[in-house]
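K.L.:
I am attaching a structure below and will ask some questions about it afterwards.
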Amino acid sequence: MSYAYWRKCDFQVHTPRDPNWTGARPVGIGEVVPKTGAKATEADVDAARMQWAVEFVDLCESKGLEAIALTDHHEMVMVPYVQRAIEDRVKSDTDFRLWLFPGMELTASGGKQCLILFDADLSEDWRRQAQGKLGIAFANQDEKAAKSPKVTQLSLNYADIAKELDTLDGLRGRYIVLPNVSQGNSHTVLVDGAHGDFRRMPYVGGYLDQGQTIDTLGNKNRKRLSGNDKTWSLREIYPLPTSDCRSVDYAALGQNNTWIKLAEPTAEAIRQAFLGHRSRICIVQPQTPSLSVSELAIEGSTILQATILPLSPELNSAIGGRGSGKSSLFEYLSFGLGRSCYGLSPV
């Protein structure tokens, strides 16, 4: 059984393969390796990328991040390296907690940009099928090159991306699209006259670039996102802050200060967080109890069967009909804490 708890998240992070990367990057096949002076082989490229991935995962931990998305432009070449680095860390440290959402930054028709995030366990084959559906020619990508090719914008309107992807039955529900709702850039969907596409899009959230937050948006854009401007939408669209981190030192990584309450590393969990953003998305660090009951083990009861119930450090609910054992459950919990209703003074 899993329960939702707060994770510090950064859902727009770029890697050295990104075409707009602004720092040092691993060499590609045939380029000269600085340390040896020899031309890089496939093994050299894989080793350099794996070393970067290990260092990147360590950096995420040092910044307190527990969920990230790699969102390079129209490709996911570096995702398997970071996945492997996380898997290796978990093997040596079972308490290590970092979820990776594979993703992409998409440039749709008209230059409007979106993030697409996939379930953490979605296979590479499904991710490639998604790229194909969007018109991204995977076969044209040189995976072992040091830098990805120049991005060509999609022929799709951003509002139609989900409709196209949902024609792949096995992909439905395993991704989430977040349009760019930033203030004052050329890729935002919140430009004057663009209300028609915004109103018909099926998405429940959006993202902000480079540390912007809902508090930094102008009144006009905040109203357009509020659900109270019928010209734009009757649904509230929460703008999620991201770091848009893309420098060699990753100084901006995690500086978007965003915590999301998630139960599992899935697109559906993110979607539910957007739908309940007032209680599940926070841009100041949430306050959680310093002491909590982690689980309740029951055995030898004539009322409830033997079981172990994991408990959330925040909110737990017991739901059942009359006589199903709700009061007994809480009485057992009280006994476990050294208290009982019999120890209370009558009212």
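If you're wondering about the labels, chains in the structure tokens are A, B, ... by order shown, residues count from 1 in each chain, ligands from 1 in order shown.
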Quick check for you: according to DSSP on this backbone, which residues of range 209-293 of chain A are classed as strand (DSSP E)? Reply as a list in words.

P.N.:
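So the strand (DSSP E) residues in range 209-293 of chain A would be Tyr238, Pro239, Leu240, Pro241, Thr258, Trp259, Ile260, Lys261, Leu262, Ile281 and Cys282 of chain A.
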
K.L.:
Take the residues from that selection and put them in a file with C-alpha atoms, as a short mmCIF file (atom, residue, chain, number, x, y, z; two decimals), in the first residue's frame.

P.N.:
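That gives us selection.cif:
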```cif
data_model
loop_
_atom_site.label_atom_id
_atom_site.label_comp_id
_atom_site.auth_asym_id
_atom_site.auth_seq_id
_atom_site.Cartn_x
_atom_site.Cartn_y
_atom_site.Cartn_z
CA TYR A 238 -2.33 25.81 -11.93
CA PRO A 239 1.07 27.12 -13.18
CA LEU A 240 3.82 24.82 -11.85
CA PRO A 241 7.22 26.49 -11.27
CA THR A 258 8.13 23.25 -5.55
CA TRP A 259 6.73 20.42 -3.44
CA ILE A 260 4.08 18.05 -4.76
CA LYS A 261 2.21 15.43 -2.77
CA LEU A 262 2.55 12.21 -4.79
CA ILE A 281 1.16 21.58 -4.60
CA CYS A 282 3.15 24.02 -2.49
#
```

K.L.:
Using only C-alpha atoms, determine which residues lie at most 12 Å from Asp58 in chain A, disregarding the query and same-chain residues fewer than 4 positions distant; provide the list as a PyMOL selection string.

P.N.:
chain A and resi 51-54+62-66+82+85-86+88-89+96-98+250

K.L.:
Can you write out the residues you just picked, keeping C-alpha atoms, as an mmCIF file, in the first residue's frame?

P.N.:
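Saved to out_11.cif:
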```
data_model
loop_
_atom_site.group_PDB
_atom_site.id
_atom_site.type_symbol
_atom_site.label_atom_id
_atom_site.label_comp_id
_atom_site.auth_asym_id
_atom_site.auth_seq_id
_atom_site.Cartn_x
_atom_site.Cartn_y
_atom_site.Cartn_z
ATOM 1 C CA GLN A 51 29.732 9.300 -14.999
ATOM 2 C CA TRP A 52 27.667 12.432 -15.607
ATOM 3 C CA ALA A 53 24.479 10.591 -14.599
ATOM 4 C CA VAL A 54 25.976 9.377 -11.310
ATOM 5 C CA SER A 62 22.262 17.173 -2.198
ATOM 6 C CA LYS A 63 19.561 19.663 -3.231
ATOM 7 C CA GLY A 64 16.840 17.673 -1.486
ATOM 8 C CA LEU A 65 15.063 16.666 -4.691
ATOM 9 C CA GLU A 66 12.895 13.546 -4.648
ATOM 10 C CA VAL A 82 19.989 8.466 -15.184
ATOM 11 C CA ALA A 85 22.339 5.585 -11.913
ATOM 12 C CA ILE A 86 19.211 5.698 -9.715
ATOM 13 C CA ASP A 88 22.470 1.489 -8.732
ATOM 14 C CA ARG A 89 21.994 3.916 -5.837
ATOM 15 C CA PHE A 96 17.400 6.502 -1.337
ATOM 16 C CA ARG A 97 14.361 8.278 -2.759
ATOM 17 C CA LEU A 98 14.495 9.871 -6.204
ATOM 18 C CA TYR A 250 23.287 23.058 -12.357
#
```

K.L.:
Write down as a VMD selection string the residues of range 85-313 of chain A whose backbone DSSP state falls under helix (DSSP H, G or I).

P.N.:
chain A and resid 85 to 92 109 to 111 124 to 133 138 to 140 158 to 165 169 to 171 195 to 200 214 to 216 219 to 226 267 to 275 277 to 280

K.L.:
Would you please work out which residue, of A:Gly218, A:Pro265, A:Gly196, A:Gly110, is nearest to Ala67 in chain A when using only C-alpha atoms?

P.N.:
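With only C-alpha atoms as the atom set, the closest residue is A:Pro265.
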
K.L.:
Might you pull out every residue within 10 Å of Ile298 in chain A, with only C-alpha atoms counted and same-chain residues fewer than 3 positions away left off, and present them as a list in words?

P.N.:
Glu295, Ser301, Leu304, Gln305, Ala306, Thr307, Ile308, Leu309, Leu329, Tyr332, Leu333 and Gly336 of chain A

K.L.:
Keeping only N, CA and C atoms, take the residues you just selected and write them out as a tab-separated table (two decimals), in the first residue's frame.

P.N.:
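Saved result, part24.tsv, follows:
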```tsv
chain	number	residue	atom	x	y	z
A	295	GLU	N	3.17	2.62	11.12
A	295	GLU	CA	2.33	1.49	10.78
A	295	GLU	C	1.66	0.93	12.03
A	301	SER	N	-6.66	-10.52	17.27
A	301	SER	CA	-7.93	-9.83	17.48
A	301	SER	C	-9.10	-10.74	17.07
A	304	LEU	N	-10.81	-7.91	14.13
A	304	LEU	CA	-10.11	-7.59	12.89
A	304	LEU	C	-9.10	-8.68	12.58
A	305	GLN	N	-8.95	-9.00	11.32
A	305	GLN	CA	-7.98	-10.02	10.93
A	305	GLN	C	-6.56	-9.51	11.10
A	306	ALA	N	-5.62	-10.43	11.25
A	306	ALA	CA	-4.22	-10.05	11.41
A	306	ALA	C	-3.75	-9.29	10.18
A	307	THR	N	-3.13	-8.14	10.40
A	307	THR	CA	-2.69	-7.31	9.27
A	307	THR	C	-1.65	-6.30	9.75
A	308	ILE	N	-0.96	-5.72	8.79
A	308	ILE	CA	-0.05	-4.60	9.04
A	308	ILE	C	-0.50	-3.45	8.14
A	309	LEU	N	-0.86	-2.33	8.75
A	309	LEU	CA	-1.36	-1.17	8.00
A	309	LEU	C	-0.33	-0.05	8.00
A	329	LEU	N	-10.41	-0.35	15.50
A	329	LEU	CA	-9.12	-0.01	14.91
A	329	LEU	C	-8.47	1.15	15.66
A	332	TYR	N	-7.34	0.11	19.15
A	332	TYR	CA	-6.04	-0.60	19.10
A	332	TYR	C	-4.89	0.40	18.94
A	333	LEU	N	-5.10	1.41	18.12
A	333	LEU	CA	-4.07	2.42	17.94
A	333	LEU	C	-3.80	3.16	19.25
A	336	GLY	N	-1.80	0.99	21.51
A	336	GLY	CA	-0.43	0.95	21.06
A	336	GLY	C	0.36	2.18	21.49
```

K.L.:
Out of A:Ile319, A:Met50, A:Ile214, A:Leu296, which residue has the shortest atom-to-atom distance to Tyr81 in chain A when counting only C-alpha atoms?

P.N.:
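Nearest candidate to Tyr81 in chain A out of A:Ile319, A:Met50, A:Ile214, A:Leu296: A:Met50.
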
K.L.:
Hey, what's within 8 Å of Arg174 in chain A if we count only C-alpha atoms and toss same-chain stuff fewer than 3 positions away? As a ChimeraX atom specification, please?

P.N.:
/A:118-119,122,171,266-268
